Amino acid sequence: MVKVYRCNPEVGEKPHYRSYEVPWHEGMTVLEVLRSIYENHEPIAFRYHCRSGVCGACGVMVNGRPVLACRTYVEGPGELVIEPLKNFNVIKDLVVDRRPMLEQTIKLEPWLLRGHKAAVDFEKVEWSLESKDKFYLLASCRECYLCRAACPAAEVGFRKPEVTKYPGAKFYVRDLATRLLDPRDEGKHTRAVKLKEDIDAYACTTCKKCWEVCPREFEVPEVMEELRSHIANVGLGPLEGHMVFADFIKKTGRAVDRQATPLVEQVPELIDVANPIDEVLFFTGCLIDFRLQRVGLGIIDVLKRNNVRVIVPKDQQCCGSPAIRSGLFGVGKAQAMKNVEVFERYGVSKVVMGCPGCLLTWKTNYPKFIYEERKNLPRLEVYEITEYLVKILGLDKINKNFSSVDMRVTYHDSCHLRRGCGIWKEPRELISIIPGLKFREMNEHDVCCGSGGGVRAGRRAVSVEIGKRKVDNIVAAEVDGVIMECPFCYIQIRDVLQQFHGGKVKVLYLIELIADAYKGAEGN
Amino acid sequence: MIEVKRISTDVLVIGGGAAGMRAAIAASDMGAQVVLIDKGLFGRSGMSGTLPYWNVPAPPFPEDRDGYFEDLMNGSHGLADPKLIKILVSEGKDRVLELEEYGNIFIRDSAGEVSPAHADSHSKARIFTPAYSWIMSMQVLKRGIVVYDETFATRLIKSNDRVSGAVAFNLKEGSILAVEAKATVLATGGAGHLFGMDTRLWQSTNPIELTGDGYALAYDVGAELIDMEFNQIALEPQYSASRGQTYSSTALALARTLRSATTFQETPSVHHFLGGVLIDENGRTTVPSLYACGEVSGGLHLKATDQFIGCLVFGRRAGEAAAIEKAGEGMPEKEVKKEVNRVISILNNAPNDGVPPHVLRKRLTRSLWEEVGLRKDENSLTNALRILEDTKILLPKMIVRDKSKLFNKEWVEALETYNMVIVAEMIVRSSLLRRESRGVFTRADYPRSDERYLGHFHIKKVGGQMHLEFRSLRGPQRGLEVVVDPSEKVK
Ligand SMILES: Cc1cc2nc3c(=O)[nH]c(=O)nc-3n(C[C@H](O)[C@H](O)[C@H](O)COP(=O)(O)OP(=O)(O)OC[C@H]3O[C@@H](n4cnc5c(N)ncnc54)[C@H](O)[C@@H]3O)c2cc1C
Ligand code: SF4
Ligand code: SF4
Ligand code: FES
């Protein structure tokens, strides 16, 4: 059964859905499904040109996800919901109005900018292998706008243009990043201005939703960070809200100010257990150390209860992520050097952390930074605590002496954890072993909460709008609690829930919930 | 009723591929006002917009011009017009340099020097790559050229003997556009989709909009076409559905996306037309004020490997020549009305036993694929001709089920079907008459080339009928016109 969004404004038709029975065959694409409806039922309107994933014309939403119809196979008979691409106005049925995209593109002047014309023969172009590969890759963008349809920031831009102009990844990936990679281009400054003004580059939460759907698999947030670094290099960025973090890091080694006693000062450096089965270093991260100490204590507690010896290095500092996300690579690199040096001192290889932001930085930025400086890689393996519990200790082997937690809950996927580090199964598995929890997925469970990429700090209004969509989904799930595993999401969702729904749903940090379930069992 | 928008401009370009874009840029740079209409999404349609990137051949240095000339003449088996090829090889490099000025960067070696690639059919390395369609489309928009995309030209309009504009159908608005122009440049590309299925690459790599409209439009106003039987078939990678990346999103349990194409097999498919609307050095067709360039044009007899440079060199020439055309008489209202009525009557047609366009097209394209595309001989071609005649009879029975005007693809398909039938007839009839194999043209029953056929079949509408005429290029017979029709044997 295929449900298709239908709307023909010419005859005053309101948007509605029609269902069609479409015989399925092996290897059937969504485009074939549409064509089959067109031929055998009624001529619905949809776009396509090439049938081969190149023209980018056939983008539609299939079961809520933007895809190219011609390159998406239907796995079996079953329900399929096909809708026009999100964040566009609809012309008719599945055909969206792409004209504004073209107009926006021209504004970015994505052509070679320079004062002179080349000589009569081919000029020498010297560029690094890396720039070259990247240029060709990004230039191959299919202009399919799946990235826009998936993007939480562009959704705000579409729904509330007064809050942000953010148009989606394609506009900086293809139209500006390629030009900045071109060594002949003289428009470096203009491009930075456009990035800041026309694109509102600081509204991207680096959530990687676009990466997930892009047929070219562009590492979009990485590109965004490089562009932000470019804005910073020409002196136009980052935003004030970001500078606060960067200044703090430079001055104190931490990204936030001290309020209560930091976790590292509350606990001894070595937390030993009787017969350790393993030994780990605990990287706390600024938010857990300075704001959510309970979460940190929970991590230590859970590890202890699973016979793992924990070392909490006293000299650890901010991972540098807040600086890196806003394009201040220099500050980030200095932090990487410090932390790696401190952690390598112990001769213990496993590092555990409870913050996906730190984890992502350690996993993706650190190896690069360290290699640039030392020409070798950090001698450390990093794990998120839930990943460590499920993958290293083993779900079947961990201590399951839990008390029952009677609650209806849902889980919010942190972007950095899910798409950044590929961790989304582990938290759900842990939730499933805690007795009493009644779990249900919410709608758009893996869409950003609006806090990432420095958006909460730099572009609060955008962040709140993205957050609103999130908390509306949480409330619609009719649960008592929403579980997550990220301090940024935790603070953001807590605040936005409070703002729009008066704290109707409890906000829970997974690892803390697990620690509490252990404690509860002890009390019995 | 349908809204008819009338606009007037200096130059009208029909088609937004490499040729059309280059023509529009050239005309605009000459100071002319330009309107470009494109049946698909601008920059992403036609063969130019649906290739990941362009490989553009050109002689890298002046000394190589002769070599490239030889390669092209040999590759055409004597059918390319040496006048045109001379121009191509001498202007090719400038057009390629221009692409870099637009923003492309061709592959460089480790020293930073440009480093063209080899192609099988070339004696030297002269493929500059990659160039991107979108980079060129930005040049068009940058110049403020008015682009109507998803707008389908249905007919060229003549005032007396010259073309004075075109009528088109704007899908996005559901309205009709009548563009009056001092000169019109046809750049509608090939017609590979005549051999193709609707949803898979199988049979033709060409995008669905390449239904040969330009050939039919030019034919309709009396232009001459040549070499329509030369349709290149190539082994093309076909992506297979058997494997792909599975995405774990629970929301998409049913659909699987294939992102990087890793698995494919090679299958033959029709991909390129070597003939088309006959042009001279400036892209002029045999009809005054009508120009043609790119794959829709004939005379250069370029294979697919060498097509882009033809699009760019003659696109520019056609655009420049079109820009200096003097205004003639305007578009006769009567003719515009007639076309609007025709278009509307196809929408409103409601015979009792109506057949939707896709039914007719499937039959036609299957026959073309099986009996003309893959393998052909006297029998198969005769059969194809029969199916073609049947299809012609069925045209008035064609019914458009959706009667609304907005984004009505079925209406477009119906209009295209008329064009497809005309183009198919050109192909089948000239194929029947060419009793030999030459270059990309192969006949199973005549596997060898025959010098008597060194020449072109010229196709033209005469008295409402398709008229084919063989003009030999051979020694004493050169220039001799031998009139033939399908019932007659070629001497
Ligand atoms: C698989 C493949 C690989 C190829 N590789 C190469 C290569 O490496 N090098 C090379 O030189 N050549 C190559 N070619 C050939 C080359 O791609 C094409 O010949 C060339 O792109 C044709 O350009 P064009 O501008 O003439 O037409 P197209 O690019 O096909 O554009 C036609 C345009 O006309 C529009 N149009 C059509 N009908 C209408 C209408 N009725 N009204 C309005 N608009 C209309 C279409 O929307 C489109 O915009 C290849 C071809 C194929 C199939
Ligand atoms: S990373 Fe997220 S916010 Fe940024 S462009 Fe991609 S989808 Fe949008
Ligand atoms: S960046 Fe990727 S998803 Fe976005 S338009 Fe380009 S190819 Fe499509
Ligand atoms: S039809 Fe071209 S990308 Fe799907």
# chains A, B, ... in the order shown; residues from 1 in each chain; ligands from 1
$ closest_atom_pairs --of "chain A" --to "ligand 4" --cutoff "10 Å" --atoms "only C-alpha atoms and all ligand atoms" --output "tab-separated table"
residue	atom	partner	partner_atom_place_in_ligand_line	distance
A:Val30	CA	ligand 4	4 (Fe)	9.8
A:Leu31	CA	ligand 4	4 (Fe)	7.8
A:Arg47	CA	ligand 4	1 (S)	7.4
A:Tyr48	CA	ligand 4	1 (S)	4.0
A:His49	CA	ligand 4	1 (S)	4.5
A:Cys50	CA	ligand 4	2 (Fe)	3.9
A:Arg51	CA	ligand 4	1 (S)	3.8
A:Ser52	CA	ligand 4	2 (Fe)	5.4
A:Gly53	CA	ligand 4	3 (S)	3.4
A:Val54	CA	ligand 4	3 (S)	4.5
A:Cys55	CA	ligand 4	2 (Fe)	3.9
A:Gly56	CA	ligand 4	3 (S)	3.9
A:Ala57	CA	ligand 4	2 (Fe)	5.2
A:Cys58	CA	ligand 4	4 (Fe)	4.4
A:Gly59	CA	ligand 4	4 (Fe)	6.9
A:Val60	CA	ligand 4	4 (Fe)	9.8
A:Val67	CA	ligand 4	4 (Fe)	9.1
A:Leu68	CA	ligand 4	4 (Fe)	5.3
A:Ala69	CA	ligand 4	4 (Fe)	5.7
A:Cys70	CA	ligand 4	4 (Fe)	4.3
A:Arg71	CA	ligand 4	4 (Fe)	6.4
A:Thr72	CA	ligand 4	4 (Fe)	9.1
A:Arg142	CA	ligand 4	3 (S)	7.5
A:Glu143	CA	ligand 4	3 (S)	9.2
A:Cys144	CA	ligand 4	3 (S)	7.4
A:Pro215	CA	ligand 4	3 (S)	9.2
$ write_last_selection --atoms "N, CA, C and O atoms" --output "CSV table (one decimal), in the first residue's frame"
chain,number,residue,atom,x,y,z
A,30,VAL,N,11.6,3.5,-5.8
A,30,VAL,CA,10.4,4.4,-5.5
A,30,VAL,C,10.0,5.1,-6.7
A,30,VAL,O,8.8,5.3,-6.9
A,31,LEU,N,10.9,5.4,-7.6
A,31,LEU,CA,10.5,6.0,-8.9
A,31,LEU,C,9.6,5.1,-9.7
A,31,LEU,O,8.6,5.5,-10.3
A,47,ARG,N,8.6,14.7,-10.3
A,47,ARG,CA,9.7,15.1,-11.2
A,47,ARG,C,10.8,14.1,-11.3
A,47,ARG,O,11.1,13.4,-10.4
A,48,TYR,N,11.3,13.9,-12.5
A,48,TYR,CA,12.5,13.1,-12.7
A,48,TYR,C,13.1,13.4,-14.0
A,48,TYR,O,12.4,13.7,-15.0
A,49,HIS,N,14.4,13.2,-14.2
A,49,HIS,CA,15.0,13.3,-15.5
A,49,HIS,C,15.9,12.1,-15.8
A,49,HIS,O,15.6,11.4,-16.8
A,50,CYS,N,16.9,11.9,-15.0
A,50,CYS,CA,18.0,11.0,-15.4
A,50,CYS,C,17.8,9.5,-15.1
A,50,CYS,O,18.4,8.6,-15.7
A,51,ARG,N,17.0,9.2,-14.1
A,51,ARG,CA,16.8,7.9,-13.5
A,51,ARG,C,18.1,7.2,-13.0
A,51,ARG,O,18.2,6.0,-12.9
A,52,SER,N,19.1,8.1,-12.8
A,52,SER,CA,20.4,7.5,-12.4
A,52,SER,C,21.1,8.2,-11.3
A,52,SER,O,22.3,8.2,-11.2
A,53,GLY,N,20.3,9.0,-10.5
A,53,GLY,CA,20.9,9.6,-9.4
A,53,GLY,C,21.8,10.8,-9.7
A,53,GLY,O,22.7,11.2,-8.8
A,54,VAL,N,21.7,11.4,-10.8
A,54,VAL,CA,22.6,12.5,-11.2
A,54,VAL,C,21.9,13.9,-11.2
A,54,VAL,O,22.5,14.8,-10.7
A,55,CYS,N,20.7,13.9,-11.8
A,55,CYS,CA,20.1,15.2,-12.0
A,55,CYS,C,19.6,15.8,-10.7
A,55,CYS,O,19.4,17.0,-10.6
A,56,GLY,N,19.3,15.0,-9.7
A,56,GLY,CA,18.8,15.5,-8.4
A,56,GLY,C,17.4,16.1,-8.5
A,56,GLY,O,17.0,16.8,-7.6
A,57,ALA,N,16.6,15.7,-9.5
A,57,ALA,CA,15.3,16.2,-9.7
A,57,ALA,C,14.2,15.4,-8.9
A,57,ALA,O,13.2,15.9,-8.6
A,58,CYS,N,14.5,14.2,-8.6
A,58,CYS,CA,13.5,13.3,-8.1
A,58,CYS,C,13.3,13.1,-6.6
A,58,CYS,O,12.8,12.2,-6.1
A,59,GLY,N,13.9,14.1,-5.9
A,59,GLY,CA,13.8,14.0,-4.4
A,59,GLY,C,12.4,14.1,-3.9
A,59,GLY,O,11.6,14.9,-4.3
A,60,VAL,N,12.1,13.1,-3.0
A,60,VAL,CA,10.8,13.1,-2.3
A,60,VAL,C,11.0,12.6,-0.9
A,60,VAL,O,12.1,12.1,-0.6
A,67,VAL,N,14.8,11.3,0.1
A,67,VAL,CA,15.5,10.4,-0.7
A,67,VAL,C,15.4,10.7,-2.2
A,67,VAL,O,14.5,11.5,-2.6
A,68,LEU,N,16.3,10.2,-3.0
A,68,LEU,CA,16.2,10.3,-4.5
A,68,LEU,C,15.3,9.1,-4.9
A,68,LEU,O,15.7,7.9,-4.6
A,69,ALA,N,14.2,9.4,-5.5
A,69,ALA,CA,13.2,8.3,-5.8
A,69,ALA,C,13.9,7.2,-6.7
A,69,ALA,O,13.7,6.0,-6.6
A,70,CYS,N,14.8,7.7,-7.6
A,70,CYS,CA,15.3,6.7,-8.6
A,70,CYS,C,16.4,5.9,-8.0
A,70,CYS,O,16.8,4.9,-8.6
A,71,ARG,N,17.0,6.2,-6.8
A,71,ARG,CA,18.0,5.4,-6.2
A,71,ARG,C,17.6,4.8,-4.9
A,71,ARG,O,18.4,4.4,-4.1
A,72,THR,N,16.3,4.7,-4.7
A,72,THR,CA,15.9,4.1,-3.5
A,72,THR,C,15.0,2.9,-3.8
A,72,THR,O,14.0,3.0,-4.5
A,142,ARG,N,24.6,17.2,-6.4
A,142,ARG,CA,23.5,16.9,-7.4
A,142,ARG,C,22.4,17.9,-7.3
A,142,ARG,O,21.4,17.8,-8.0
A,143,GLU,N,22.5,18.9,-6.5
A,143,GLU,CA,21.5,20.0,-6.4
A,143,GLU,C,20.1,19.3,-6.1
A,143,GLU,O,19.1,19.8,-6.7
A,144,CYS,N,20.1,18.3,-5.3
A,144,CYS,CA,18.8,17.6,-5.1
A,144,CYS,C,18.1,18.1,-3.9
A,144,CYS,O,16.9,17.8,-3.7
A,215,PRO,N,23.2,12.2,-1.3
A,215,PRO,CA,23.6,11.1,-2.2
A,215,PRO,C,25.1,11.1,-2.4
A,215,PRO,O,25.7,10.1,-2.8
$ closest_atom_pairs --of "chain B" --to "ligand 1" --cutoff "7 Å" --atoms "only C-alpha atoms and all ligand atoms" --output "tab-separated table"
residue	atom	partner	partner_atom_place_in_ligand_line	distance
B:Ile14	CA	ligand 1	43 (C)	5.1
B:Gly15	CA	ligand 1	34 (O)	3.2
B:Gly16	CA	ligand 1	49 (O)	3.5
B:Gly17	CA	ligand 1	25 (O)	3.4
B:Ala18	CA	ligand 1	25 (O)	3.9
B:Ala19	CA	ligand 1	25 (O)	3.8
B:Gly20	CA	ligand 1	25 (O)	5.4
B:Ile37	CA	ligand 1	43 (C)	5.3
B:Asp38	CA	ligand 1	44 (N)	3.7
B:Lys39	CA	ligand 1	44 (N)	3.8
B:Gly40	CA	ligand 1	47 (O)	4.3
B:Phe42	CA	ligand 1	49 (O)	6.6
B:Ser45	CA	ligand 1	49 (O)	4.6
B:Gly46	CA	ligand 1	30 (O)	3.4
B:Met47	CA	ligand 1	30 (O)	3.8
B:Ser48	CA	ligand 1	29 (O)	3.6
B:Gly49	CA	ligand 1	29 (O)	6.1
B:Leu51	CA	ligand 1	3 (C)	6.7
B:Trp54	CA	ligand 1	8 (O)	5.5
B:Asn55	CA	ligand 1	8 (O)	4.1
B:Val56	CA	ligand 1	11 (O)	5.1
B:Pro57	CA	ligand 1	11 (O)	6.4
B:Thr151	CA	ligand 1	43 (C)	5.9
B:Phe152	CA	ligand 1	42 (N)	3.8
B:Ala153	CA	ligand 1	42 (N)	3.7
B:Thr154	CA	ligand 1	41 (N)	5.9
B:Ala187	CA	ligand 1	26 (O)	5.5
B:Thr188	CA	ligand 1	34 (O)	3.3
B:Gly189	CA	ligand 1	27 (O)	3.2
B:Gly190	CA	ligand 1	30 (O)	5.8
B:Thr205	CA	ligand 1	53 (C)	5.4
B:Asn206	CA	ligand 1	53 (C)	5.6
B:Glu209	CA	ligand 1	47 (O)	5.8
B:Leu210	CA	ligand 1	37 (C)	5.6
B:Thr211	CA	ligand 1	38 (N)	6.8
B:Gly212	CA	ligand 1	38 (N)	6.6
B:Asp213	CA	ligand 1	41 (N)	4.8
B:Gly214	CA	ligand 1	38 (N)	6.1
B:Glu236	CA	ligand 1	1 (C)	6.8
B:His271	CA	ligand 1	53 (C)	4.2
B:His272	CA	ligand 1	53 (C)	5.6
B:Cys293	CA	ligand 1	26 (O)	6.4
B:Gly294	CA	ligand 1	26 (O)	3.4
B:Glu295	CA	ligand 1	26 (O)	3.9
B:Val296	CA	ligand 1	26 (O)	5.9
B:Ala304	CA	ligand 1	15 (C)	4.1
B:Thr305	CA	ligand 1	9 (N)	4.1
B:Asp306	CA	ligand 1	11 (O)	4.1
B:Gln307	CA	ligand 1	11 (O)	3.7
B:Phe308	CA	ligand 1	11 (O)	3.6
B:Ile309	CA	ligand 1	11 (O)	5.9
B:Cys311	CA	ligand 1	26 (O)	5.8
$ closest_residue --among "B:Asp390, B:Asp220, B:Asp450, B:Glu150" --to "B:Val412" --atoms "only C-alpha atoms"
B:Glu150
$ residues_near_ligand --ligand "ligand 2" --cutoff "8 Å" --atoms "only C-alpha atoms and all ligand atoms" --output "PyMOL selection string"
chain A and resi 147-148+150-154+168-169+203-211+220-221+224+448
$ closest_residue --among "B:Gly222, B:Pro268, B:Gly192, B:Pro52" --to "ligand 3" --atoms "only C-alpha atoms and all ligand atoms"
B:Pro52
$ closest_residue --among "B:His118, B:Lys124, B:Arg342, B:Arg108" --to "chain A" --atoms "only C-alpha atoms"
B:Arg108
$ closest_residue --among "A:Leu360, A:Val125, A:Ile44, A:Val22" --to "chain B" --atoms "only C-alpha atoms"
A:Val125
$ select_by_dssp --residues "stretch 475-508 of chain A" --states "strand (DSSP E)" --output "MDAnalysis selection string"
chainID A and resid 481:484 506:508
$ closest_residue --among "A:Pro167, A:Ile82, A:Trp111, A:Ser19" --to "ligand 3" --atoms "only C-alpha atoms and all ligand atoms"
A:Pro167
$ closest_residue --among "B:Lys461, B:Lys83, B:Arg162, B:Arg44" --to "ligand 3" --atoms "only C-alpha atoms and all ligand atoms"
B:Arg44
$ atom_distance --atom1 "atom CA of A:Ile431" --atom2 "atom CA of A:Lys468"
25.0 Å
$ residues_around --residues "B:Gly455" --least-positions-apart "2" --cutoff "9 Å" --atoms "only C-alpha atoms" --output "PDB file with N, CA, C and O atoms, in the first residue's frame"
ATOM      1  N   GLY B  78      34.065   9.524 -43.183  1.00  0.00           N
ATOM      2  CA  GLY B  78      33.862  10.363 -44.351  1.00  0.00           C
ATOM      3  C   GLY B  78      32.624  11.231 -44.300  1.00  0.00           C
ATOM      4  O   GLY B  78      32.354  11.989 -45.224  1.00  0.00           O
ATOM      5  N   LEU B  79      31.864  11.162 -43.217  1.00  0.00           N
ATOM      6  CA  LEU B  79      30.588  11.877 -43.221  1.00  0.00           C
ATOM      7  C   LEU B  79      30.629  13.265 -42.580  1.00  0.00           C
ATOM      8  O   LEU B  79      29.692  14.043 -42.744  1.00  0.00           O
ATOM      9  N   ASP B 227      21.752  12.450 -41.654  1.00  0.00           N
ATOM     10  CA  ASP B 227      22.374  11.391 -40.835  1.00  0.00           C
ATOM     11  C   ASP B 227      21.515  10.927 -39.664  1.00  0.00           C
ATOM     12  O   ASP B 227      22.054  10.540 -38.616  1.00  0.00           O
ATOM     13  N   GLU B 451      30.864   1.892 -50.647  1.00  0.00           N
ATOM     14  CA  GLU B 451      31.245   3.258 -51.047  1.00  0.00           C
ATOM     15  C   GLU B 451      30.105   4.024 -51.713  1.00  0.00           C
ATOM     16  O   GLU B 451      30.076   5.247 -51.706  1.00  0.00           O
ATOM     17  N   ARG B 452      29.161   3.292 -52.274  1.00  0.00           N
ATOM     18  CA  ARG B 452      28.033   3.981 -52.917  1.00  0.00           C
ATOM     19  C   ARG B 452      27.202   4.780 -51.903  1.00  0.00           C
ATOM     20  O   ARG B 452      26.476   5.675 -52.255  1.00  0.00           O
ATOM     21  N   TYR B 453      27.366   4.383 -50.645  1.00  0.00           N
ATOM     22  CA  TYR B 453      26.591   5.078 -49.614  1.00  0.00           C
ATOM     23  C   TYR B 453      27.387   6.154 -48.898  1.00  0.00           C
ATOM     24  O   TYR B 453      26.986   6.644 -47.853  1.00  0.00           O
ATOM     25  N   PHE B 457      21.706  10.995 -46.185  1.00  0.00           N
ATOM     26  CA  PHE B 457      20.286  11.074 -46.491  1.00  0.00           C
ATOM     27  C   PHE B 457      19.766  12.383 -45.923  1.00  0.00           C
ATOM     28  O   PHE B 457      19.860  12.616 -44.722  1.00  0.00           O
ATOM     29  N   PHE B 470      19.126  11.230 -51.167  1.00  0.00           N
ATOM     30  CA  PHE B 470      20.513  10.875 -50.910  1.00  0.00           C
ATOM     31  C   PHE B 470      21.443  11.790 -51.678  1.00  0.00           C
ATOM     32  O   PHE B 470      21.266  11.997 -52.868  1.00  0.00           O
ATOM     33  N   ARG B 471      22.397  12.375 -50.998  1.00  0.00           N
ATOM     34  CA  ARG B 471      23.403  13.169 -51.700  1.00  0.00           C
ATOM     35  C   ARG B 471      24.755  12.541 -51.460  1.00  0.00           C
ATOM     36  O   ARG B 471      25.232  12.458 -50.340  1.00  0.00           O
ATOM     37  N   SER B 472      25.355  12.110 -52.558  1.00  0.00           N
ATOM     38  CA  SER B 472      26.625  11.406 -52.470  1.00  0.00           C
ATOM     39  C   SER B 472      27.768  12.378 -52.231  1.00  0.00           C
ATOM     40  O   SER B 472      27.726  13.526 -52.648  1.00  0.00           O
ATOM     41  N   LEU B 473      28.808  11.872 -51.554  1.00  0.00           N
ATOM     42  CA  LEU B 473      30.005  12.681 -51.356  1.00  0.00           C
ATOM     43  C   LEU B 473      31.148  12.100 -52.182  1.00  0.00           C
ATOM     44  O   LEU B 473      32.295  12.462 -52.039  1.00  0.00           O
ATOM     45  N   ARG B 474      30.810  11.124 -53.033  1.00  0.00           N
ATOM     46  CA  ARG B 474      31.831  10.373 -53.738  1.00  0.00           C
ATOM     47  C   ARG B 474      32.262  11.087 -55.005  1.00  0.00           C
ATOM     48  O   ARG B 474      31.429  11.669 -55.701  1.00  0.00           O
ATOM     49  N   ARG B 478      29.837  13.396 -56.582  1.00  0.00           N
ATOM     50  CA  ARG B 478      29.774  14.356 -55.500  1.00  0.00           C
ATOM     51  C   ARG B 478      28.790  15.480 -55.822  1.00  0.00           C
ATOM     52  O   ARG B 478      28.848  16.060 -56.904  1.00  0.00           O
TER      53      ARG B 478
END
$ atom_distance --atom1 "atom CA of A:Ser229" --atom2 "atom CA of A:Lys470"
28.9 Å
$ residues_around --residues "B:Asp377" --least-positions-apart "6" --cutoff "7 Å" --atoms "only C-alpha atoms" --output "PDB file with C-alpha atoms, in the first residue's frame"
ATOM      1  CA  ARG B 443      22.988  -3.477 -40.324  1.00  0.00           C
ATOM      2  CA  ALA B 444      23.011  -7.185 -39.701  1.00  0.00           C
ATOM      3  CA  ASP B 445      22.119  -7.895 -43.318  1.00  0.00           C
TER       4      ASP B 445
END
$ residues_around --residues "B:Val421" --least-positions-apart "6" --cutoff "8 Å" --atoms "only C-alpha atoms" --output "ChimeraX atom specification"
/B:388,391-392
$ write_last_selection --atoms "N, CA, C and O atoms" --output "mmCIF file, in the first residue's frame"
data_model
loop_
_atom_site.group_PDB
_atom_site.id
_atom_site.type_symbol
_atom_site.label_atom_id
_atom_site.label_comp_id
_atom_site.auth_asym_id
_atom_site.auth_seq_id
_atom_site.Cartn_x
_atom_site.Cartn_y
_atom_site.Cartn_z
ATOM 1 N N LEU B 388 5.250 1.826 -36.445
ATOM 2 C CA LEU B 388 5.238 3.275 -36.499
ATOM 3 C C LEU B 388 3.959 3.781 -37.179
ATOM 4 O O LEU B 388 3.304 4.704 -36.694
ATOM 5 N N THR B 391 1.113 3.358 -34.880
ATOM 6 C CA THR B 391 1.126 4.372 -33.828
ATOM 7 C C THR B 391 0.567 5.683 -34.349
ATOM 8 O O THR B 391 -0.189 6.370 -33.670
ATOM 9 N N LYS B 392 0.956 6.011 -35.569
ATOM 10 C CA LYS B 392 0.468 7.247 -36.181
ATOM 11 C C LYS B 392 -1.054 7.266 -36.213
ATOM 12 O O LYS B 392 -1.690 8.263 -35.903
#
$ residues_around --residues "stretch 252-257 of chain A" --least-positions-apart "3" --cutoff "6 Å" --atoms "only C-alpha atoms" --output "PyMOL selection string"
chain A and resi 245+248-249+317-318
$ residues_around --residues "A:Leu510" --least-positions-apart "6" --cutoff "6 Å" --atoms "only C-alpha atoms" --output "PyMOL selection string"
chain A and resi 483-485
$ select_by_dssp --residues "stretch 297-360 of chain A" --states "helix (DSSP H, G or I)" --output "number ranges by chain"
A: 297-305, 321-325, 329-344, 356-360
$ atom_distance --atom1 "atom CA of A:Cys286" --atom2 "atom CA of A:Glu512"
17.0 Å
